[in-house]
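Down below is the structure, laid out as structure tokens.
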Amino acid sequence: MLIGDVNINGIAALAPMAGVTDRAFREICAMFGAAYFTSEMISTKGIIYGSQKTFSLSDRSDSEYPFALQLFGNDPKDFSEAIKILGDRIPEIIDINMGCPATKIVKENSGSALMKTPELCGEIVYAAKSVSPVPITVKIRSGWSESTINAPTVAKICEEAGASAITVHGRTKQQGYSGSCDQEVIKAVKKAVKIPVIGNGDITSAKNANEMINFTNCDMVAIGRGAMGNPWIFSEINSLYTGEKFNFPSIDEKINIMKLHIEKLCEYKGEHRGLTEARKHLSCYVKDVKNASEIRQKIFSSKYKTELLDIIENIQ
């Protein structure tokens with residue numbers, strides 16, 4: 001699949017999730033065959049005001065390729081200004097977030113709130129495209145609510161404004177992450193545009209990834225929550241298309257990846273913050289492990305890296 005002139009060599013991408021898909025997690029998913037990566041969402045205002053914390057979200061490793069920076073905001077001028085400031089920090093693709101349902105983002109008329117103003121969506125894409133040296137893509141939802149599902153319309157407007165691909169999460173803003181993904185909407189978006197469409201929502205296995213691709217005719221799938229504690233899902237999906245045999249990881253393999261994940265988080269964020277963020281990932285890794293509830297309690301009560309590593313090492 002091509003996004004502009006960027007080749008995506010695979011069928012499954014890691015979907016961006018704020019506070020989850022940081023560099024450490026993206027590197028883990030790269031090890032298991034994720035084909036495309038996107039940063040956590042980055043504020044255009046934060047870039048314009050020179051926030052170092054904001055700029056740090058653009059850090060990536062060589063294994064994350066192709067890589068997109070995802071920007072959010074509500075003013076077309078802010079997008080063009082932010083892209084100019086980013087300069088040589090710009091990777092292969094710029095993605096625009098028009099799908100985040102978080103209250104603090106929506107209150108700023110950013111994220112999924114933009115779905116209420118399709119014309120503004122087009123203006124933002126046009127402003128970004130006019131200054132960007134790389135392709136512009138867009139992440140949207142089905143719509144604001146069940147009564148205002150307009151993803152095909154927004155996608156078409158974004159395509160006409162210069163977008164090179166569209167990712168569609170098949171839920172409305174009001175749904176948040178409840179209910180189920182509406183694949184009919186993804187299918188309708190695919191019919192409405194000529195650019196690649198990436199389907200997103202409720203993918204937890206190779207089986208339902210394949211079902212989404214077959215039903216919607218989307219060009220690729222993006223996996224978010226389904227990859228938490230299960231980065232092997234990318235290998236599982238890839239094996240379905242390559243014909244290679246996929247073996248679910250043994251407990252020893254899981255333990256090794258959990259330990260590696262802890263080490264990466266502590267390396268990139270320092271031990272205190274790294275351990276804080278490791279706990280949410282580890283609670284997902286141990287979901288199907290014997291005595292998972294007891295292990296989670298130990299994980300969340302641990303105070304030091306050595307203690308946490310010891311807990312993981314002793315999982316049976």
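Identifiers for the structure tokens are assigned positionally: chains receive A, B, ... in sequence, residues are indexed from 1 per chain, and ligands are indexed from 1 in the order shown.
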Review point. Residues at most 9 Å from Ser39 (chain A), counting only C-alpha atoms, excluding those fewer than 3 positions away in the same chain, as a list of chain:residue names?
Key: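 Selected residues are A:Ala15, A:Pro16, A:Met17, A:Ala18, A:Thr21, A:Asp22, A:Arg23, A:Arg26, A:Ile42, A:Leu57, A:Ser58, A:Asp59, A:Arg60, A:Phe67, A:Ala68, A:Leu69, A:Gln70, A:Leu71.
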**Study point:** Every residue of region 57-244 of chain A that DSSP places in alpha helix (DSSP H), as JSON, numbers by chain
**Key:** {"A": [76, 77, 78, 79, 80, 81, 82, 83, 84, 85, 86, 103, 104, 105, 106, 118, 119, 120, 121, 122, 123, 124, 125, 126, 127, 128, 129, 130, 131, 151, 152, 153, 154, 155, 156, 157, 158, 159, 160, 161, 183, 184, 185, 186, 187, 188, 189, 190, 191, 192, 206, 207, 208, 209, 210, 211, 212, 213, 214, 215, 216, 233, 234, 235, 236, 237, 238, 239, 240, 241, 242]}
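Picture a line from CA of Ile140 (chain A) to CA of Ala34 (chain A); it runs 20.9 Å.
If you count only C-alpha atoms and ignore residues fewer than 3 places along the chain from His272 (chain A), what sits within 12 Å of it is Ile262, Glu263, Leu265, Cys266, Glu267, Tyr268, Lys269, Leu275, Thr276, Glu277, Ala278, Arg279, Ser302, Lys303, Tyr304 and Lys305 of chain A.
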Exercise for review: Please provide as an NGL selection string all residues within 9 Å of Tyr65 (chain A), with the sequence filter that same-chain residues fewer than 5 positions apart are discarded (counting only C-alpha atoms).
Suggested key: :A and (8 or 30 or 35-37 or 92)
Exercise for review: May I ask which of the residues A:Tyr285, A:Tyr177, A:Phe300, A:Phe72 is the closest one to Ile47 (chain A), counting only C-alpha atoms?
Suggested key: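 Using only C-alpha atoms, the shortest distance to Ile47 (chain A) belongs to A:Phe72.
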Check your understanding: So which bits of region 45-142 of chain A end up strand (DSSP E or B) when you DSSP the backbone, as number ranges by chain?
Key -> A: 67-72, 93-98, 136-142
Review point. Region 218-233 of chain A: which residues within 8 Å, counting only C-alpha atoms, same-chain residues fewer than 3 positions away excluded, as a PyMOL selection string?
Key: chain A and resi 1+10-17+28-29+32+167+186-187+190+196-206+209+212-214+236-237+248-249+281-287
For N, CA and C atoms, I'd like the residues from the last selection saved as a compact mmCIF listing (two decimals), in the first residue's frame.
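Once everything was written out, this is selection.txt:
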# COMPACT_ATOMS: atom_id res chain seq x y z
N MET A 1 0.83 -1.19 0.00
CA MET A 1 0.00 0.00 0.00
C MET A 1 0.87 1.24 0.00
N GLY A 10 3.04 -4.07 4.62
CA GLY A 10 2.35 -4.92 5.59
C GLY A 10 0.88 -4.60 5.64
N ILE A 11 0.17 -5.32 6.50
CA ILE A 11 -1.28 -5.21 6.55
C ILE A 11 -1.80 -4.66 7.87
N ALA A 12 -0.94 -4.61 8.91
CA ALA A 12 -1.40 -4.22 10.25
C ALA A 12 -0.52 -3.12 10.84
N ALA A 13 -1.16 -2.01 11.20
CA ALA A 13 -0.48 -0.87 11.81
C ALA A 13 -0.80 -0.82 13.30
N LEU A 14 0.07 -0.16 14.05
CA LEU A 14 -0.21 0.12 15.45
C LEU A 14 -0.94 1.45 15.51
N ALA A 15 -2.17 1.44 16.02
CA ALA A 15 -2.95 2.68 16.13
C ALA A 15 -2.42 3.53 17.28
N PRO A 16 -2.41 4.85 17.13
CA PRO A 16 -1.92 5.72 18.20
C PRO A 16 -2.90 5.78 19.37
N MET A 17 -2.37 5.72 20.59
CA MET A 17 -3.16 5.86 21.80
C MET A 17 -2.36 6.71 22.78
N ILE A 28 8.48 -2.42 20.83
CA ILE A 28 8.07 -3.80 21.10
C ILE A 28 7.20 -4.32 19.95
N CYS A 29 6.25 -3.50 19.50
CA CYS A 29 5.36 -3.93 18.41
C CYS A 29 6.12 -4.08 17.10
N PHE A 32 7.51 -7.48 16.47
CA PHE A 32 6.56 -8.53 16.08
C PHE A 32 5.85 -8.22 14.76
N THR A 167 -7.82 7.04 8.14
CA THR A 167 -8.06 5.97 9.11
C THR A 167 -9.41 6.22 9.75
N ILE A 186 -16.97 2.08 7.90
CA ILE A 186 -15.66 1.95 7.27
C ILE A 186 -15.82 1.56 5.80
N LYS A 187 -16.75 0.65 5.56
CA LYS A 187 -17.04 0.22 4.19
C LYS A 187 -17.54 1.39 3.35
N LYS A 190 -14.66 3.69 2.44
CA LYS A 190 -13.85 3.10 1.37
C LYS A 190 -14.49 3.33 0.01
N PRO A 196 -6.18 5.38 0.07
CA PRO A 196 -6.24 4.23 0.98
C PRO A 196 -7.05 4.54 2.25
N VAL A 197 -7.73 3.50 2.73
CA VAL A 197 -8.51 3.58 3.96
C VAL A 197 -8.01 2.51 4.93
N ILE A 198 -7.75 2.95 6.16
CA ILE A 198 -7.28 2.04 7.21
C ILE A 198 -8.42 1.86 8.21
N GLY A 199 -8.82 0.61 8.43
CA GLY A 199 -9.91 0.30 9.36
C GLY A 199 -9.40 0.13 10.78
N ASN A 200 -10.17 0.61 11.74
CA ASN A 200 -9.75 0.60 13.14
C ASN A 200 -10.96 0.34 14.04
N GLY A 201 -10.75 -0.54 15.04
CA GLY A 201 -11.79 -0.79 16.02
C GLY A 201 -12.06 -2.27 16.25
N ASP A 202 -11.89 -2.72 17.50
CA ASP A 202 -12.26 -4.07 17.93
C ASP A 202 -11.45 -5.19 17.29
N ILE A 203 -10.25 -4.92 16.85
CA ILE A 203 -9.43 -5.99 16.27
C ILE A 203 -8.56 -6.59 17.37
N THR A 204 -8.83 -7.86 17.68
CA THR A 204 -8.11 -8.54 18.76
C THR A 204 -7.48 -9.85 18.30
N SER A 205 -7.60 -10.16 17.01
CA SER A 205 -7.04 -11.41 16.50
C SER A 205 -6.87 -11.30 14.99
N ALA A 206 -6.12 -12.25 14.43
CA ALA A 206 -5.97 -12.30 12.98
C ALA A 206 -7.32 -12.57 12.32
N ALA A 209 -9.31 -9.34 12.16
CA ALA A 209 -8.63 -8.42 11.25
C ALA A 209 -8.98 -8.78 9.81
N MET A 212 -12.57 -7.86 8.95
CA MET A 212 -12.76 -6.43 8.65
C MET A 212 -12.27 -6.10 7.25
N ILE A 213 -11.12 -6.62 6.88
CA ILE A 213 -10.58 -6.34 5.55
C ILE A 213 -11.52 -6.88 4.47
N ASN A 214 -12.02 -8.09 4.66
CA ASN A 214 -12.90 -8.70 3.66
C ASN A 214 -14.25 -7.99 3.57
N GLU A 236 0.70 -12.65 14.39
CA GLU A 236 -0.44 -13.52 14.11
C GLU A 236 -1.13 -13.09 12.82
N ILE A 237 -1.35 -11.79 12.66
CA ILE A 237 -2.01 -11.28 11.45
C ILE A 237 -1.12 -11.50 10.23
N PHE A 248 1.43 -19.11 19.43
CA PHE A 248 1.21 -18.18 20.52
C PHE A 248 2.36 -18.28 21.52
N PRO A 249 2.74 -17.17 22.12
CA PRO A 249 3.93 -17.15 22.97
C PRO A 249 3.78 -18.02 24.22
N HIS A 281 0.63 -1.61 31.35
CA HIS A 281 0.95 -2.59 30.32
C HIS A 281 1.03 -3.99 30.90
N LEU A 282 1.69 -4.12 32.05
CA LEU A 282 1.86 -5.44 32.65
C LEU A 282 0.53 -6.06 33.04
N SER A 283 -0.42 -5.23 33.49
CA SER A 283 -1.72 -5.77 33.86
C SER A 283 -2.44 -6.38 32.66
N CYS A 284 -2.11 -5.88 31.46
CA CYS A 284 -2.66 -6.47 30.23
C CYS A 284 -1.91 -7.74 29.84
N TYR A 285 -0.60 -7.73 29.99
CA TYR A 285 0.20 -8.92 29.63
C TYR A 285 -0.24 -10.15 30.44
N VAL A 286 -0.62 -9.94 31.71
CA VAL A 286 -0.92 -11.08 32.58
C VAL A 286 -2.40 -11.47 32.56
N LYS A 287 -3.16 -10.89 31.64
CA LYS A 287 -4.61 -11.10 31.59
C LYS A 287 -5.00 -12.57 31.64
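One distance worth recording is that between CA of Asn217 (chain A) and CA of Gly122 (chain A), which is 24.3 Å.
The smallest atom-to-atom distance between Ser250 (chain A) and any of A:Leu2, A:Asp182, A:Asp75, A:Ile315, using only C-alpha atoms, is found for A:Ile315.
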Review point. Which value, in Å to one decimal, gives the distance between CA of Lys116 (chain A) and CA of Ser132 (chain A)?
Key: 25.1 Å
Review point. Do you know which residues are at most 8 Å from region 101-113 of chain A counting only C-alpha atoms, after dropping those on the same chain fewer than 2 positions away, and could you put them as JSON, numbers by chain?
Key: {"A": [72, 73, 74, 97, 98, 99, 115, 116, 117, 140, 141, 143, 144, 173, 174, 176]}
Review point. Which residues, written as a list of chain:residue names, have at least one atom at most 9 Å from Ala161 (chain A), with only C-alpha atoms counted and residues fewer than 6 positions away on the same chain left out?
Key: A:Cys121, A:Gly122, A:Glu123, A:Ile124, A:Val125, A:Tyr126, A:Ala127, A:Lys129
